[in-house]
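**Q** This is the content of target39.txt (compact mmCIF, C-alpha atoms):
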# COMPACT_ATOMS: atom_id res chain seq x y z
CA MET A 1 35.21 21.69 -6.21
CA THR A 2 37.36 18.99 -7.76
CA GLN A 3 36.75 16.00 -5.52
CA THR A 4 34.43 13.12 -6.35
CA LEU A 5 30.81 13.24 -5.23
CA GLY A 6 28.60 10.26 -4.46
CA PHE A 7 24.89 10.02 -3.72
CA ILE A 8 23.14 7.35 -1.73
CA GLY A 9 19.68 7.68 -3.25
CA GLY A 10 18.89 9.15 -6.65
CA GLY A 11 15.57 10.90 -6.05
CA GLN A 12 14.44 14.36 -7.08
CA MET A 13 16.58 16.25 -4.58
CA ALA A 14 19.69 14.36 -5.65
CA GLU A 15 18.80 15.12 -9.26
CA ALA A 16 18.42 18.83 -8.44
CA ILE A 17 21.82 18.98 -6.72
CA ILE A 18 23.55 17.14 -9.55
CA GLY A 19 21.93 19.34 -12.18
CA GLY A 20 22.95 22.51 -10.35
CA LEU A 21 26.56 21.44 -9.87
CA LEU A 22 26.99 20.29 -13.47
CA ALA A 23 25.35 23.44 -14.86
CA ARG A 24 27.81 25.62 -12.95
CA GLY A 25 30.84 23.48 -13.76
CA MET A 26 31.59 22.66 -10.12
CA VAL A 27 31.97 18.99 -11.01
CA SER A 28 32.19 16.99 -14.20
CA ALA A 29 29.89 14.09 -14.97
CA GLY A 30 32.79 11.69 -14.47
CA GLN A 31 33.19 12.84 -10.86
CA VAL A 32 29.62 11.91 -9.83
CA THR A 33 28.32 8.49 -8.82
CA VAL A 34 24.75 7.74 -7.77
CA ALA A 35 23.73 4.59 -5.93
CA ASP A 36 20.03 3.74 -6.22
CA PRO A 37 18.23 0.38 -6.10
CA VAL A 38 15.76 1.27 -8.87
CA GLU A 39 17.12 0.46 -12.32
CA SER A 40 14.80 2.87 -14.13
CA ARG A 41 15.97 5.72 -11.92
CA ARG A 42 19.61 4.88 -12.53
CA SER A 43 19.00 4.81 -16.29
CA LEU A 44 17.23 8.17 -16.20
CA LEU A 45 20.05 9.89 -14.29
CA GLN A 46 22.75 8.29 -16.41
CA GLY A 47 20.99 9.29 -19.62
CA ARG A 48 20.26 12.84 -18.48
CA PHE A 49 23.63 13.72 -16.98
CA GLY A 50 26.13 11.14 -18.24
CA ILE A 51 27.11 10.27 -14.66
CA LYS A 52 28.04 6.90 -13.19
CA THR A 53 25.31 4.90 -11.48
CA THR A 54 25.26 1.71 -9.43
CA ALA A 55 22.93 -0.40 -7.34
CA ASP A 56 25.70 -0.86 -4.75
CA ASN A 57 25.87 1.78 -1.98
CA GLY A 58 29.31 0.54 -1.01
CA GLU A 59 30.68 1.19 -4.49
CA ALA A 60 29.66 4.84 -4.31
CA VAL A 61 31.46 5.25 -0.98
CA ARG A 62 34.57 3.39 -2.14
CA THR A 63 34.96 5.64 -5.18
CA CYS A 64 33.83 9.02 -3.85
CA ARG A 65 35.10 11.24 -1.05
CA THR A 66 31.98 13.34 -0.42
CA ILE A 67 28.76 11.37 0.05
CA VAL A 68 25.29 12.91 0.02
CA LEU A 69 22.80 10.80 1.96
CA ALA A 70 19.68 11.50 -0.11
CA VAL A 71 17.38 8.78 1.20
CA LYS A 72 14.06 9.11 3.03
CA PRO A 73 14.40 9.35 6.83
CA GLN A 74 12.92 5.88 7.37
CA MET A 75 15.57 4.42 5.04
CA MET A 76 18.51 6.16 6.67
CA GLN A 77 19.47 3.43 9.14
CA PRO A 78 19.63 0.65 6.51
CA ALA A 79 21.60 2.98 4.24
CA LEU A 80 24.12 3.75 6.98
CA ARG A 81 24.53 0.05 7.76
CA SER A 82 25.24 -0.66 4.09
CA ILE A 83 28.09 1.87 3.91
CA GLY A 84 29.55 1.88 7.43
CA GLY A 85 32.28 -0.58 6.57
CA PHE A 86 33.53 1.60 3.71
CA VAL A 87 33.59 5.00 5.43
CA THR A 88 37.07 6.35 6.22
CA PRO A 89 38.36 9.48 8.00
CA GLU A 90 38.74 11.07 4.56
CA HIS A 91 35.02 10.95 3.83
CA VAL A 92 32.53 13.78 4.36
CA LEU A 93 28.93 12.61 4.75
CA VAL A 94 26.17 15.10 3.99
CA SER A 95 22.64 14.22 5.12
CA ILE A 96 19.59 15.91 3.62
CA ALA A 97 17.13 13.69 5.51
CA ALA A 98 14.65 15.71 7.58
CA GLY A 99 14.49 15.20 11.32
CA ILE A 100 17.64 13.11 11.80
CA PRO A 101 20.22 14.88 13.98
CA CYS A 102 23.95 14.56 13.48
CA GLU A 103 24.38 12.52 16.66
CA ILE A 104 22.14 9.76 15.28
CA LEU A 105 24.06 9.67 12.00
CA GLU A 106 27.36 9.60 13.88
CA ARG A 107 26.17 6.79 16.13
CA ASP A 108 25.72 4.45 13.15
CA LEU A 109 29.01 5.40 11.49
CA PRO A 110 32.67 4.88 12.45
CA GLU A 111 33.96 7.05 15.29
CA GLY A 112 35.11 10.43 14.04
CA THR A 113 33.14 10.43 10.80
CA ARG A 114 32.77 13.95 9.43
CA VAL A 115 29.04 14.65 9.15
CA VAL A 116 27.15 17.73 7.94
CA ARG A 117 23.37 17.96 8.15
CA VAL A 118 21.47 20.05 5.59
CA MET A 119 17.82 21.13 5.41
CA PRO A 120 17.09 22.19 1.81
CA ASN A 121 13.60 22.92 0.52
CA THR A 122 11.67 21.92 -2.59
CA PRO A 123 12.54 24.99 -4.73
CA ALA A 124 15.89 23.22 -5.08
CA LEU A 125 14.13 21.51 -7.98
CA VAL A 126 14.29 24.84 -9.85
CA GLN A 127 17.66 25.83 -8.36
CA SER A 128 16.07 28.39 -6.02
CA ALA A 129 16.43 26.64 -2.68
CA ALA A 130 16.80 28.07 0.79
CA SER A 131 19.07 25.66 2.66
CA ALA A 132 20.48 25.62 6.17
CA LEU A 133 23.28 23.41 7.38
CA SER A 134 24.87 22.46 10.67
CA ALA A 135 28.04 20.58 11.48
CA GLY A 136 28.54 17.33 13.32
CA LYS A 137 31.14 17.12 16.07
CA ALA A 138 33.95 15.90 13.79
CA ALA A 139 33.22 18.16 10.81
CA ARG A 140 35.99 20.58 9.83
CA THR A 141 35.82 24.16 8.62
CA GLU A 142 36.69 23.03 5.11
CA ASP A 143 33.80 20.55 5.23
CA ILE A 144 31.35 23.35 5.99
CA ASP A 145 32.82 25.45 3.18
CA LEU A 146 32.51 22.51 0.78
CA VAL A 147 28.86 21.85 1.64
CA LEU A 148 28.02 25.56 1.51
CA GLY A 149 29.46 25.65 -1.99
CA ILE A 150 27.34 22.68 -3.06
CA PHE A 151 24.07 24.11 -1.79
CA GLN A 152 24.79 27.67 -2.89
CA THR A 153 24.57 26.33 -6.44
CA LEU A 154 20.88 25.72 -5.69
CA GLY A 155 20.08 29.12 -4.17
CA THR A 156 20.78 30.51 -0.70
CA ALA A 157 22.59 28.48 1.97
CA VAL A 158 23.37 29.46 5.55
CA VAL A 159 25.03 27.85 8.57
CA VAL A 160 23.05 27.54 11.81
CA PRO A 161 23.54 25.72 15.13
CA GLU A 162 21.84 22.34 14.98
CA ALA A 163 19.51 23.38 17.79
CA LEU A 164 17.85 25.73 15.27
CA MET A 165 17.20 23.11 12.60
CA ASP A 166 13.61 22.51 13.76
CA ALA A 167 13.01 26.25 13.38
CA VAL A 168 14.48 26.09 9.87
CA THR A 169 12.17 23.19 9.07
CA GLY A 170 9.14 25.20 10.21
CA LEU A 171 10.22 28.27 8.24
CA SER A 172 11.97 27.48 4.96
CA GLY A 173 11.32 23.73 4.94
CA SER A 174 7.55 24.13 5.17
CA GLY A 175 7.51 27.71 3.90
CA PRO A 176 6.99 26.91 0.20
CA ALA A 177 3.62 25.37 1.08
CA TYR A 178 2.55 28.60 2.80
CA VAL A 179 3.55 30.58 -0.27
CA PHE A 180 1.74 28.17 -2.60
CA LEU A 181 -1.42 28.58 -0.52
CA PHE A 182 -1.00 32.37 -0.67
CA ILE A 183 -0.60 32.21 -4.44
CA GLU A 184 -3.65 29.95 -4.79
CA ALA A 185 -5.73 32.33 -2.67
CA LEU A 186 -4.65 35.35 -4.72
CA ILE A 187 -5.60 33.57 -7.95
CA ASP A 188 -9.02 32.75 -6.49
CA ALA A 189 -9.31 36.40 -5.48
CA ALA A 190 -8.58 37.41 -9.06
CA VAL A 191 -11.51 35.27 -10.20
CA LEU A 192 -13.69 36.76 -7.44
CA VAL A 193 -13.12 40.30 -8.71
CA GLY A 194 -13.81 39.31 -12.32
CA LEU A 195 -10.49 38.40 -13.93
CA PRO A 196 -10.13 35.24 -16.03
CA ARG A 197 -8.24 32.60 -14.05
CA SER A 198 -5.41 32.39 -16.57
CA VAL A 199 -4.90 36.16 -16.46
CA GLY A 200 -5.07 36.16 -12.66
CA ARG A 201 -2.48 33.39 -12.49
CA ASP A 202 -0.02 35.26 -14.70
CA LEU A 203 -0.44 38.48 -12.73
CA VAL A 204 -0.18 36.78 -9.34
CA LEU A 205 2.93 34.77 -10.16
CA GLN A 206 4.76 37.79 -11.53
CA THR A 207 3.62 39.91 -8.57
CA VAL A 208 4.97 37.41 -6.05
CA LEU A 209 8.21 36.96 -7.99
CA GLY A 210 8.66 40.71 -8.41
CA ALA A 211 8.01 41.44 -4.74
CA ALA A 212 10.56 38.82 -3.66
CA ARG A 213 13.13 40.24 -6.07
CA MET A 214 12.57 43.75 -4.72
CA CYS A 215 13.30 42.51 -1.20
CA LEU A 216 16.42 40.70 -2.36
CA GLU A 217 17.83 43.32 -4.70
CA THR A 218 17.03 46.56 -2.87
CA GLY A 219 17.97 45.30 0.59
CA LYS A 220 15.18 47.42 2.02
CA HIS A 221 13.06 46.30 4.97
CA PRO A 222 9.72 44.83 3.82
CA ALA A 223 7.90 47.50 5.82
CA GLU A 224 9.65 50.20 3.79
CA LEU A 225 8.69 48.51 0.54
CA THR A 226 5.11 48.20 1.77
CA SER A 227 4.98 51.91 2.47
CA MET A 228 6.07 52.63 -1.12
CA VAL A 229 2.77 51.25 -2.43
CA THR A 230 0.53 52.34 0.45
CA SER A 231 -0.74 55.84 -0.17
CA PRO A 232 -3.02 57.67 2.30
CA GLY A 233 -6.64 56.62 1.90
CA GLY A 234 -5.77 54.42 -1.08
CA THR A 235 -6.53 50.92 -2.26
CA THR A 236 -3.54 49.17 -0.68
CA ILE A 237 -4.20 50.38 2.86
CA ALA A 238 -7.79 49.19 2.52
CA GLY A 239 -6.53 45.73 1.58
CA ILE A 240 -3.93 45.69 4.36
CA ARG A 241 -6.62 46.61 6.88
CA ALA A 242 -8.65 43.60 5.78
CA LEU A 243 -5.59 41.35 6.22
CA GLU A 244 -4.92 42.75 9.69
CA ARG A 245 -8.55 42.14 10.69
CA GLY A 246 -7.95 38.49 9.82
CA ALA A 247 -4.71 38.40 11.84
CA PHE A 248 -2.73 37.59 8.68
CA ARG A 249 0.70 38.09 10.20
CA SER A 250 -0.19 36.28 13.40
CA LEU A 251 -1.50 33.31 11.40
CA LEU A 252 1.79 33.03 9.51
CA MET A 253 3.77 33.15 12.73
CA ASP A 254 1.48 30.50 14.21
CA ALA A 255 2.04 28.30 11.15
CA VAL A 256 5.83 28.49 11.42
CA GLU A 257 5.69 27.85 15.17
CA ALA A 258 3.37 24.85 14.71
CA ALA A 259 5.57 23.33 11.99
CA ALA A 260 8.74 23.81 14.08
CA ARG A 261 7.04 22.19 17.06
CA ARG A 262 5.95 19.25 14.91
CA SER A 263 9.50 18.88 13.61
CA ARG A 264 10.74 18.55 17.19
CA GLU A 265 8.05 15.97 17.93
CA LEU A 266 8.95 13.91 14.87
CA GLY A 267 12.61 14.01 15.77
CA THR A 268 12.10 12.86 19.37
CA PRO A 269 11.55 9.14 18.55
CA VAL A 270 14.60 9.25 16.28
CA ARG A 271 16.76 10.69 19.06
CA SER A 272 15.62 8.02 21.48
CA LEU A 273 16.40 5.05 19.17
Would you mind writing the file's structure down as structure tokens?

**A**
Amino acid sequence: MTQTLGFIGGGQMAEAIIGGLLARGMVSAGQVTVADPVESRRSLLQGRFGIKTTADNGEAVRTCRTIVLAVKPQMMQPALRSIGGFVTPEHVLVSIAAGIPCEILERDLPEGTRVVRVMPNTPALVQSAASALSAGKAARTEDIDLVLGIFQTLGTAVVVPEALMDAVTGLSGSGPAYVFLFIEALIDAAVLVGLPRSVGRDLVLQTVLGAARMCLETGKHPAELTSMVTSPGGTTIAGIRALERGAFRSLLMDAVEAAARRSRELGTPVRSL
């Protein structure tokens, strides 16, 4: 990617994206501009990455072709108003704000603006994100390819119809919290069965990481991997039985469904503005 890249908002997600792109050589520091109203944040990003920073949203849009809208959802409308007069047909606008559909972004921008909506998740902060993106009505194939390339530097990125973005929010958007709770519970379980907490933590974190890597690297179905460690009458089947008594799988499905439903509810007022 050789084109210039601007950010409206210089928060943690913007920092994660910039760090990933620079680390992989997809852009140079001189190609990146961040607009943020907080002087201390601008200084931090400039000092860490050597990029350009400004307090003027319009300057970022005037000097960059691809613009990442990295502001909180409640700040999106003021941000769009501040840049609308500078957006041209050559720009690609990438929103990472949760719950704001492409049609709302397009409504506050010039007709025909190329918009791509992305739902990353917090592991982007360690370049291990799961991101999904969907295209606005004027977005081109090359725009999708460009945005995929950006977010693949942070982990996995997939394209989905926008109608599925609430489902993505309930799954990978909220999913890290489910995993953190699972990890916390396993560490408490380690203490329950007599292990020091620090030892339990080390074992649990490596177990979760190793299990995820086995799924990714072997390509085997999780059920097949489960069967590899579940011998007849053994310890694992006893543990799985306890999980099934507590409706473990059903609870996880309920959690994803509830989060997706809440995402739709939160997006409804936005759509009606």

**Q** Need to verify the contact set: Leu125 of chain A, 10 Å, only C-alpha atoms, exclusion of same-chain residues closer than 6 positions in sequence. Can you return it as a list in words?

**A**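 With the cut-off at 10 Å, the set is Gln12, Met13, Ala14, Glu15, Ala16, Ile17, Gly19, Gly20 and Leu154 of chain A.
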
**Q** Set the distance at 8 Å and use only C-alpha atoms: which residues neighbour Phe86 of chain A once local chain neighbours fewer than 5 positions away are removed? I'd like the list as a list of chain:residue names.

**A** A:Gly58, A:Val61, A:Arg62

**Q** What is the atom CA of Leu93 of chain A-atom CA of Val68 of chain A distance in Å, reported with one decimal?

**A**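 Pair atom CA of Leu93 of chain A / atom CA of Val68 of chain A returns 6.0 Å.
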
**Q** Rank nothing, just name the residue among A:Thr88, A:Ser174, A:Thr113, A:Ser28 nearest to Ser131 of chain A, using only C-alpha atoms.

**A**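 Ranked by minimum distance to Ser131 of chain A, first place goes to A:Ser174.
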
**Q** Name all residues at most 9 Å from Thr63 of chain A (count all atoms listed in the file; drop same-chain ones fewer than 6 positions away) and give them as a list of chain:residue names.

**A**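 The contact residues come out as A:Thr4, A:Leu5, A:Gly6, A:Thr33.
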